[in-house]
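One structure below.
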Amino acid sequence: MIVTAYDGTEYSGFAAQKDPKIRTIEGELNRALSELTKENILVAGASRTDAGVHALCNYAVFDTASPIPAEKFAPAVNTRLPDDIRVRKSMQVEPDFHPRMLQTEKTYEYRIYRAGIPDPLRARYFAWTYFPLDVSAMRRAAAYLVGEHDFASFCNPAGTAATTVRTITSLEIEEKDCRVPDLMRTGGPSRDLRDEAEEIVLRVSGTGFLYNMVRIIAGTLIRVGRGMTDPDSLPEILEKRDRTAAGDTAPACGLCLVNYRILGGKKS
């Protein structure tokens with residue numbers, strides 16, 4: 001098994017596509033591992049992140065007859081991968097081990113940068129907005145989403161899941177002031193180039209997620225923060241089970257898989 005981290009900006013998601021010209025994380029891993037082992041390696045990822053989405057700890061498993069020690073795969077394959085994909089760790093697991101077959105908890109972060117002008121250093125990893133956001137209202141709305149619910153309103157209709165019932169175990173919202181002082185004025189910093197610039201991070205954990213679910217949650221909470229959706233309307237939005245009842249699908253650049261925790265035995 002390998003633990004992968006990647007910047008998803010230049011890729012059409014994790015899952016390999018039929019057209020080999022379409023760049024994917026899985027496609028790059030298959031290519032690099034096949035070159036290393038001289039075998040036809042096909043990895044199976046734990047989380048098939050969407051186009052443009054990032055990850056710090058996505059798992060993948062594959063079979064090989066290579067004599068390379070399991071812990072040596074990480075440094076060996078990294079020399080064959082592009083700079084925006086890295087294998088952080090490699091280890092041997094049982095032949096029938098697969099994270100998607102086990103009870104797990106994933107944690108995603110959706111990162112928002114709110115300021116009068118965009119920041120080029122955050123552009124790949126934050127969704128930018130210049131609208132004021134009421135974080136207290138966003139937190140009140142987020143509380144309604146914790147627990148087991150039918151999240152049909154928060155699922156892209158193109159999804160193929162057998163059920164839209166999912167469990168969110170926690171949904172926290174953090175904010176960080178990141179104003180840039182104007183050092184050009186005599187006497188040192190005394191005003192801000194960007195009034196009330198801040199980072200807002202939505203951190204959501206759950207035992208499973210639907211297609212675009214976290215990005216739709218983020219888009220809905222952004223509407224709440226802007227005052228366009230009443231925070232206490234979230235139970236009604238859930239009850240409608242209608243995609244049009246929720247907010248927009250927030251941009252992919254703000255989303256990152258930050259933790260993947262194995263809880264125990266196989267899924268029932």
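Labeling convention for the structure tokens: chains A, B, ... as they appear, residues from 1 per chain, ligands from 1 in order of appearance.
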- Spatial neighbours of Ser153 of chain A, max dist 10 Å, only C-alpha atoms, sep filter under 4 positions, as a PyMOL selection string: chain A and resi 157+164+213+216-217+237-247
Write to file, as a compact mmCIF listing (two decimals), in the first residue's frame, the residues of the selection just made, with N, CA and C atoms.
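Result written to selection.txt:
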```
# COMPACT_ATOMS: atom_id res chain seq x y z
N PRO A 157 -26.23 15.17 -9.38
CA PRO A 157 -27.14 14.15 -9.93
C PRO A 157 -26.44 13.09 -10.77
N THR A 164 -28.12 7.73 -0.90
CA THR A 164 -27.58 9.06 -0.62
C THR A 164 -27.54 9.36 0.88
N MET A 213 -20.14 16.19 -2.83
CA MET A 213 -20.87 16.52 -1.60
C MET A 213 -20.20 17.62 -0.78
N ILE A 216 -20.49 21.02 -2.47
CA ILE A 216 -21.84 21.57 -2.41
C ILE A 216 -22.14 22.07 -1.01
N ILE A 217 -21.67 21.35 0.01
CA ILE A 217 -21.80 21.84 1.38
C ILE A 217 -21.10 23.19 1.51
N ILE A 237 -33.65 22.11 3.61
CA ILE A 237 -32.88 21.77 2.41
C ILE A 237 -32.59 20.28 2.38
N LEU A 238 -32.22 19.70 3.53
CA LEU A 238 -31.98 18.26 3.61
C LEU A 238 -33.27 17.49 3.30
N GLU A 239 -34.36 17.94 3.88
CA GLU A 239 -35.63 17.23 3.74
C GLU A 239 -36.12 17.22 2.29
N LYS A 240 -35.82 18.25 1.53
CA LYS A 240 -36.30 18.33 0.14
C LYS A 240 -35.66 17.27 -0.75
N ARG A 241 -34.43 16.84 -0.41
CA ARG A 241 -33.72 15.84 -1.23
C ARG A 241 -33.69 16.25 -2.70
N ASP A 242 -33.40 17.52 -2.91
CA ASP A 242 -33.42 18.11 -4.25
C ASP A 242 -32.16 18.95 -4.42
N ARG A 243 -31.34 18.61 -5.42
CA ARG A 243 -30.08 19.33 -5.63
C ARG A 243 -30.28 20.82 -5.78
N THR A 244 -31.38 21.25 -6.39
CA THR A 244 -31.61 22.68 -6.62
C THR A 244 -31.90 23.44 -5.32
N ALA A 245 -32.16 22.72 -4.23
CA ALA A 245 -32.45 23.39 -2.95
C ALA A 245 -31.19 23.89 -2.27
N ALA A 246 -30.04 23.27 -2.57
CA ALA A 246 -28.78 23.64 -1.93
C ALA A 246 -28.04 24.67 -2.76
N GLY A 247 -26.87 25.09 -2.29
CA GLY A 247 -26.09 26.13 -2.95
C GLY A 247 -25.26 25.60 -4.11
```
- Query: Skipping near chain neighbours, those fewer than 4 positions away, what residues fall within 12 Å of Asp232 of chain A using only C-alpha atoms, listed as a list in words?
  - Reply: Ala137, Met138, Arg139, Arg140, Ala141, Ala142, Ala143, Tyr144, Leu145, Leu221, Val224, Gly227, Glu236, Ile237 and Leu238 of chain A
- Query: Between atom CA of Thr49 of chain A and atom CA of Leu263 of chain A, what is the spacing in Å?
  - Reply: 20.5 Å
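For the choices A:Arg223, A:Glu71, A:Val146, A:Cys178, the atom-to-atom distance to Pro132 of chain A is smallest for A:Arg223 when using only C-alpha atoms.
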- Note on the structure: Nearest to Tyr110 of chain A, restricted to only C-alpha atoms and choosing among A:Asp248, A:Glu174, A:Asp7, A:Glu28, comes out as A:Glu174
Can you list, as an mmCIF file with N, CA and C atoms, in the first residue's frame, every protein, DNA or RNA residue that comes within 10 Å of Leu81 of chain A when you count only C-alpha atoms, leaving out same-chain residues fewer than 6 positions away?
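What follows is the written file selection_4.cif:
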```cif
data_model
loop_
_atom_site.group_PDB
_atom_site.id
_atom_site.type_symbol
_atom_site.label_atom_id
_atom_site.label_comp_id
_atom_site.auth_asym_id
_atom_site.auth_seq_id
_atom_site.Cartn_x
_atom_site.Cartn_y
_atom_site.Cartn_z
ATOM 1 N N ILE A 25 -4.158 11.227 -11.537
ATOM 2 C CA ILE A 25 -3.224 10.777 -10.496
ATOM 3 C C ILE A 25 -2.993 9.270 -10.623
ATOM 4 N N GLU A 28 -0.705 8.396 -13.543
ATOM 5 C CA GLU A 28 0.708 8.659 -13.283
ATOM 6 C C GLU A 28 1.305 7.612 -12.341
ATOM 7 N N LEU A 29 0.543 7.200 -11.336
ATOM 8 C CA LEU A 29 1.034 6.164 -10.419
ATOM 9 C C LEU A 29 1.218 4.839 -11.157
ATOM 10 N N ARG A 31 1.818 4.381 -14.322
ATOM 11 C CA ARG A 31 2.973 4.502 -15.223
ATOM 12 C C ARG A 31 4.278 4.373 -14.450
ATOM 13 N N ALA A 32 4.407 5.132 -13.355
ATOM 14 C CA ALA A 32 5.660 5.156 -12.600
ATOM 15 C C ALA A 32 5.949 3.800 -11.950
ATOM 16 N N LEU A 33 4.939 3.175 -11.378
ATOM 17 C CA LEU A 33 5.142 1.880 -10.733
ATOM 18 C C LEU A 33 5.437 0.787 -11.762
ATOM 19 N N VAL A 87 4.684 9.971 -3.235
ATOM 20 C CA VAL A 87 4.322 8.868 -2.352
ATOM 21 C C VAL A 87 4.997 9.139 -1.018
#
```
- Message: I'd like the contact shell of His54 of chain A - 9 Å cut-off, only C-alpha atoms, skipping same-chain residues fewer than 4 positions apart - returned as a list in words.
- Response: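 Near His54 of chain A, the qualifying residues are Ala5, Tyr6, Asp7, Gly8, Thr9, Thr49, Asp50, Tyr125, Ala252, Cys253, Gly254, Leu255, Cys256, Leu257 and Val258 of chain A.
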Output the selection as a PDB file, in the first residue's frame - N, CA, C and O atoms for each residue.
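The resulting file, again-v4.pdb, is reproduced below:
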```pdb
ATOM      1  N   ALA A   5       0.313  11.971  -1.767  1.00  0.00           N
ATOM      2  CA  ALA A   5      -0.054  13.379  -1.638  1.00  0.00           C
ATOM      3  C   ALA A   5       0.094  14.010  -3.015  1.00  0.00           C
ATOM      4  O   ALA A   5       1.014  13.661  -3.767  1.00  0.00           O
ATOM      5  N   TYR A   6      -0.808  14.921  -3.350  1.00  0.00           N
ATOM      6  CA  TYR A   6      -0.729  15.529  -4.675  1.00  0.00           C
ATOM      7  C   TYR A   6      -1.454  16.869  -4.742  1.00  0.00           C
ATOM      8  O   TYR A   6      -2.389  17.140  -3.990  1.00  0.00           O
ATOM      9  N   ASP A   7      -0.957  17.689  -5.645  1.00  0.00           N
ATOM     10  CA  ASP A   7      -1.621  18.919  -6.062  1.00  0.00           C
ATOM     11  C   ASP A   7      -2.441  18.544  -7.295  1.00  0.00           C
ATOM     12  O   ASP A   7      -1.891  18.213  -8.344  1.00  0.00           O
ATOM     13  N   GLY A   8      -3.759  18.580  -7.167  1.00  0.00           N
ATOM     14  CA  GLY A   8      -4.622  18.097  -8.244  1.00  0.00           C
ATOM     15  C   GLY A   8      -4.912  19.091  -9.344  1.00  0.00           C
ATOM     16  O   GLY A   8      -5.695  18.783 -10.257  1.00  0.00           O
ATOM     17  N   THR A   9      -4.286  20.260  -9.310  1.00  0.00           N
ATOM     18  CA  THR A   9      -4.626  21.333 -10.250  1.00  0.00           C
ATOM     19  C   THR A   9      -4.554  20.897 -11.708  1.00  0.00           C
ATOM     20  O   THR A   9      -5.440  21.216 -12.505  1.00  0.00           O
ATOM     21  N   THR A  49     -10.708  11.247  -5.863  1.00  0.00           N
ATOM     22  CA  THR A  49     -10.952  12.683  -5.817  1.00  0.00           C
ATOM     23  C   THR A  49     -11.228  13.247  -7.212  1.00  0.00           C
ATOM     24  O   THR A  49     -10.759  12.729  -8.217  1.00  0.00           O
ATOM     25  N   ASP A  50     -12.004  14.345  -7.248  1.00  0.00           N
ATOM     26  CA  ASP A  50     -12.414  14.960  -8.509  1.00  0.00           C
ATOM     27  C   ASP A  50     -11.289  15.775  -9.132  1.00  0.00           C
ATOM     28  O   ASP A  50     -10.267  16.058  -8.489  1.00  0.00           O
ATOM     29  N   TYR A 125      -4.950  26.745  -4.028  1.00  0.00           N
ATOM     30  CA  TYR A 125      -5.400  25.962  -2.882  1.00  0.00           C
ATOM     31  C   TYR A 125      -6.545  26.590  -2.088  1.00  0.00           C
ATOM     32  O   TYR A 125      -6.983  26.015  -1.096  1.00  0.00           O
ATOM     33  N   ALA A 252     -13.204  23.526  -7.203  1.00  0.00           N
ATOM     34  CA  ALA A 252     -12.413  22.367  -6.768  1.00  0.00           C
ATOM     35  C   ALA A 252     -11.122  22.763  -6.069  1.00  0.00           C
ATOM     36  O   ALA A 252     -10.643  22.039  -5.188  1.00  0.00           O
ATOM     37  N   CYS A 253     -10.534  23.901  -6.439  1.00  0.00           N
ATOM     38  CA  CYS A 253      -9.219  24.274  -5.916  1.00  0.00           C
ATOM     39  C   CYS A 253      -9.179  24.382  -4.403  1.00  0.00           C
ATOM     40  O   CYS A 253      -8.127  24.209  -3.791  1.00  0.00           O
ATOM     41  N   GLY A 254     -10.327  24.670  -3.771  1.00  0.00           N
ATOM     42  CA  GLY A 254     -10.341  24.845  -2.319  1.00  0.00           C
ATOM     43  C   GLY A 254     -10.384  23.562  -1.522  1.00  0.00           C
ATOM     44  O   GLY A 254     -10.249  23.584  -0.298  1.00  0.00           O
ATOM     45  N   LEU A 255     -10.568  22.418  -2.200  1.00  0.00           N
ATOM     46  CA  LEU A 255     -10.802  21.160  -1.488  1.00  0.00           C
ATOM     47  C   LEU A 255      -9.550  20.303  -1.394  1.00  0.00           C
ATOM     48  O   LEU A 255      -8.825  20.118  -2.374  1.00  0.00           O
ATOM     49  N   CYS A 256      -9.310  19.752  -0.199  1.00  0.00           N
ATOM     50  CA  CYS A 256      -8.153  18.880   0.018  1.00  0.00           C
ATOM     51  C   CYS A 256      -8.530  17.759   0.984  1.00  0.00           C
ATOM     52  O   CYS A 256      -9.117  18.013   2.047  1.00  0.00           O
ATOM     53  N   LEU A 257      -8.200  16.522   0.604  1.00  0.00           N
ATOM     54  CA  LEU A 257      -8.336  15.375   1.499  1.00  0.00           C
ATOM     55  C   LEU A 257      -7.150  15.403   2.460  1.00  0.00           C
ATOM     56  O   LEU A 257      -5.999  15.252   2.042  1.00  0.00           O
ATOM     57  N   VAL A 258      -7.420  15.601   3.751  1.00  0.00           N
ATOM     58  CA  VAL A 258      -6.327  15.802   4.701  1.00  0.00           C
ATOM     59  C   VAL A 258      -6.112  14.635   5.656  1.00  0.00           C
ATOM     60  O   VAL A 258      -5.062  14.525   6.289  1.00  0.00           O
TER      61      VAL A 258
END
```
- Neighbours of Lys21 of chain A within 12 Å (only C-alpha atoms; same-chain residues fewer than 5 positions away dropped), as an NGL selection string? :A and (11-12 or 16 or 27-28)
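For the pair atom CA of Ile22 of chain A and atom CA of Asn156 of chain A, the separation is 22.1 Å.
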- Closest to Tyr260 of chain A among A:Gly225, A:Pro95, A:Gly208, A:Pro20, using only C-alpha atoms?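 So, comparing all the options, the nearest one is A:Gly208.
When only C-alpha atoms are used to compute distances to Val135 of chain A, the closest of the residues A:Thr249, A:Thr24, A:Ile200, A:Asp63 turns out to be A:Ile200.
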- Message: DSSP on the backbone: which residues in segment 75-220 of chain A end up as alpha helix (DSSP H)? Give the answer as an MDAnalysis selection string.
- Response: chainID A and resid 75:78 135:143 213:220
- Task: Go through A:Asn78, A:Met228, A:Glu199, A:Gly45 one by one, measure the shortest atom-to-atom distance of each to Cys57 of chain A using only C-alpha atoms, and give the residue with the smallest value.
- Result: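 Between A:Asn78, A:Met228, A:Glu199, A:Gly45, the residue approaching Cys57 of chain A most closely is A:Gly45.
Minimum atom-to-atom distance to Asp119 of chain A, evaluated using only C-alpha atoms, belongs to A:Ala197 out of A:Ala197, A:Val77, A:Leu171, A:Val3.
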- Would you work out the distance separating atom CA of Phe126 of chain A from atom CA of Arg88 of chain A, expressed in Å to one decimal?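 We find that atom CA of Phe126 of chain A and atom CA of Arg88 of chain A lie 22.9 Å from each other.
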- Would you return as number ranges by chain the members of segment 20-169 of chain A that DSSP assigns to strand (DSSP E or B) on this structure's backbone? A: 44-45, 54-61, 85-90, 102-114, 127-129, 147-150, 165-169
Could you save those same residues with N, CA and C atoms as a short mmCIF file (atom, residue, chain, number, x, y, z; two decimals), in the first residue's frame?
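File part-v1.cif, as written:
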```
data_model
loop_
_atom_site.label_atom_id
_atom_site.label_comp_id
_atom_site.auth_asym_id
_atom_site.auth_seq_id
_atom_site.Cartn_x
_atom_site.Cartn_y
_atom_site.Cartn_z
N ALA A 44 -5.36 0.75 -7.06
CA ALA A 44 -6.75 1.00 -6.70
C ALA A 44 -6.76 2.00 -5.57
N GLY A 45 -7.28 3.18 -5.82
CA GLY A 45 -7.26 4.26 -4.85
C GLY A 45 -8.37 4.15 -3.83
N HIS A 54 -7.14 18.33 -4.25
CA HIS A 54 -5.83 17.97 -3.71
C HIS A 54 -5.95 16.90 -2.62
N ALA A 55 -4.81 16.32 -2.24
CA ALA A 55 -4.81 15.33 -1.16
C ALA A 55 -3.47 15.34 -0.45
N LEU A 56 -3.53 15.11 0.85
CA LEU A 56 -2.33 14.91 1.66
C LEU A 56 -2.10 13.45 1.99
N CYS A 57 -3.15 12.62 1.92
CA CYS A 57 -2.99 11.24 2.40
C CYS A 57 -3.97 10.29 1.74
N ASN A 58 -4.02 10.28 0.42
CA ASN A 58 -4.87 9.30 -0.24
C ASN A 58 -4.13 7.96 -0.31
N TYR A 59 -4.83 6.89 -0.03
CA TYR A 59 -4.23 5.56 -0.05
C TYR A 59 -4.45 4.90 -1.41
N ALA A 60 -3.56 3.99 -1.76
CA ALA A 60 -3.73 3.17 -2.95
C ALA A 60 -3.05 1.83 -2.72
N VAL A 61 -3.64 0.78 -3.27
CA VAL A 61 -3.05 -0.56 -3.13
C VAL A 61 -2.80 -1.13 -4.52
N ILE A 85 3.13 15.17 -7.52
CA ILE A 85 2.65 13.92 -6.92
C ILE A 85 3.80 13.30 -6.13
N ARG A 86 3.54 12.89 -4.91
CA ARG A 86 4.54 12.22 -4.11
C ARG A 86 3.92 11.07 -3.33
N VAL A 87 4.68 9.97 -3.23
CA VAL A 87 4.32 8.87 -2.35
C VAL A 87 5.00 9.14 -1.02
N ARG A 88 4.21 9.36 0.01
CA ARG A 88 4.75 9.72 1.31
C ARG A 88 5.22 8.51 2.10
N LYS A 89 4.60 7.35 1.84
CA LYS A 89 4.94 6.15 2.60
C LYS A 89 4.50 4.93 1.81
N SER A 90 5.24 3.83 1.96
CA SER A 90 4.84 2.57 1.33
C SER A 90 5.01 1.45 2.33
N LEU A 102 -13.15 -1.27 3.98
CA LEU A 102 -13.11 -1.18 5.44
C LEU A 102 -13.93 -0.01 5.95
N GLN A 103 -14.25 -0.05 7.22
CA GLN A 103 -14.90 1.09 7.87
C GLN A 103 -13.84 2.18 8.08
N THR A 104 -14.07 3.33 7.49
CA THR A 104 -13.08 4.41 7.54
C THR A 104 -13.76 5.75 7.81
N GLU A 105 -12.94 6.72 8.15
CA GLU A 105 -13.40 8.10 8.29
C GLU A 105 -12.46 9.00 7.49
N LYS A 106 -13.02 9.76 6.58
CA LYS A 106 -12.24 10.71 5.79
C LYS A 106 -12.46 12.11 6.35
N THR A 107 -11.42 12.92 6.26
CA THR A 107 -11.53 14.33 6.64
C THR A 107 -11.08 15.19 5.46
N TYR A 108 -11.94 16.10 5.06
CA TYR A 108 -11.63 17.05 4.01
C TYR A 108 -11.59 18.46 4.60
N GLU A 109 -10.76 19.30 4.01
CA GLU A 109 -10.79 20.72 4.32
C GLU A 109 -11.18 21.48 3.06
N TYR A 110 -12.11 22.42 3.24
CA TYR A 110 -12.41 23.34 2.14
C TYR A 110 -11.95 24.72 2.58
N ARG A 111 -11.03 25.31 1.80
CA ARG A 111 -10.34 26.53 2.19
C ARG A 111 -10.82 27.73 1.36
N ILE A 112 -11.17 28.77 2.06
CA ILE A 112 -11.68 29.99 1.43
C ILE A 112 -10.77 31.15 1.82
N TYR A 113 -10.43 31.97 0.84
CA TYR A 113 -9.67 33.20 1.12
C TYR A 113 -10.59 34.37 0.79
N ARG A 114 -10.90 35.17 1.82
CA ARG A 114 -11.78 36.32 1.63
C ARG A 114 -10.98 37.61 1.75
N ALA A 127 -10.39 28.84 -2.50
CA ALA A 127 -11.43 29.51 -3.28
C ALA A 127 -11.50 30.95 -2.79
N TRP A 128 -11.47 31.90 -3.70
CA TRP A 128 -11.44 33.31 -3.32
C TRP A 128 -12.82 33.94 -3.42
N THR A 129 -13.14 34.81 -2.46
CA THR A 129 -14.34 35.63 -2.54
C THR A 129 -14.05 36.99 -1.93
N GLY A 147 -24.22 14.31 11.68
CA GLY A 147 -25.06 13.16 11.94
C GLY A 147 -25.42 12.42 10.66
N GLU A 148 -26.31 11.46 10.77
CA GLU A 148 -26.74 10.69 9.60
C GLU A 148 -27.94 11.36 8.95
N HIS A 149 -27.82 11.65 7.67
CA HIS A 149 -28.90 12.30 6.91
C HIS A 149 -28.92 11.76 5.49
N ASP A 150 -30.02 12.01 4.81
CA ASP A 150 -30.07 11.80 3.38
C ASP A 150 -29.55 13.07 2.73
N VAL A 165 -27.76 8.35 1.70
CA VAL A 165 -27.64 8.51 3.15
C VAL A 165 -26.17 8.41 3.53
N ARG A 166 -25.70 9.40 4.25
CA ARG A 166 -24.31 9.45 4.70
C ARG A 166 -24.26 9.99 6.12
N THR A 167 -23.11 9.78 6.79
CA THR A 167 -22.93 10.27 8.17
C THR A 167 -21.75 11.22 8.23
N ILE A 168 -22.00 12.44 8.65
CA ILE A 168 -20.95 13.42 8.94
C ILE A 168 -20.69 13.37 10.44
N THR A 169 -19.46 13.08 10.81
CA THR A 169 -19.13 12.95 12.23
C THR A 169 -18.74 14.28 12.86
#
```
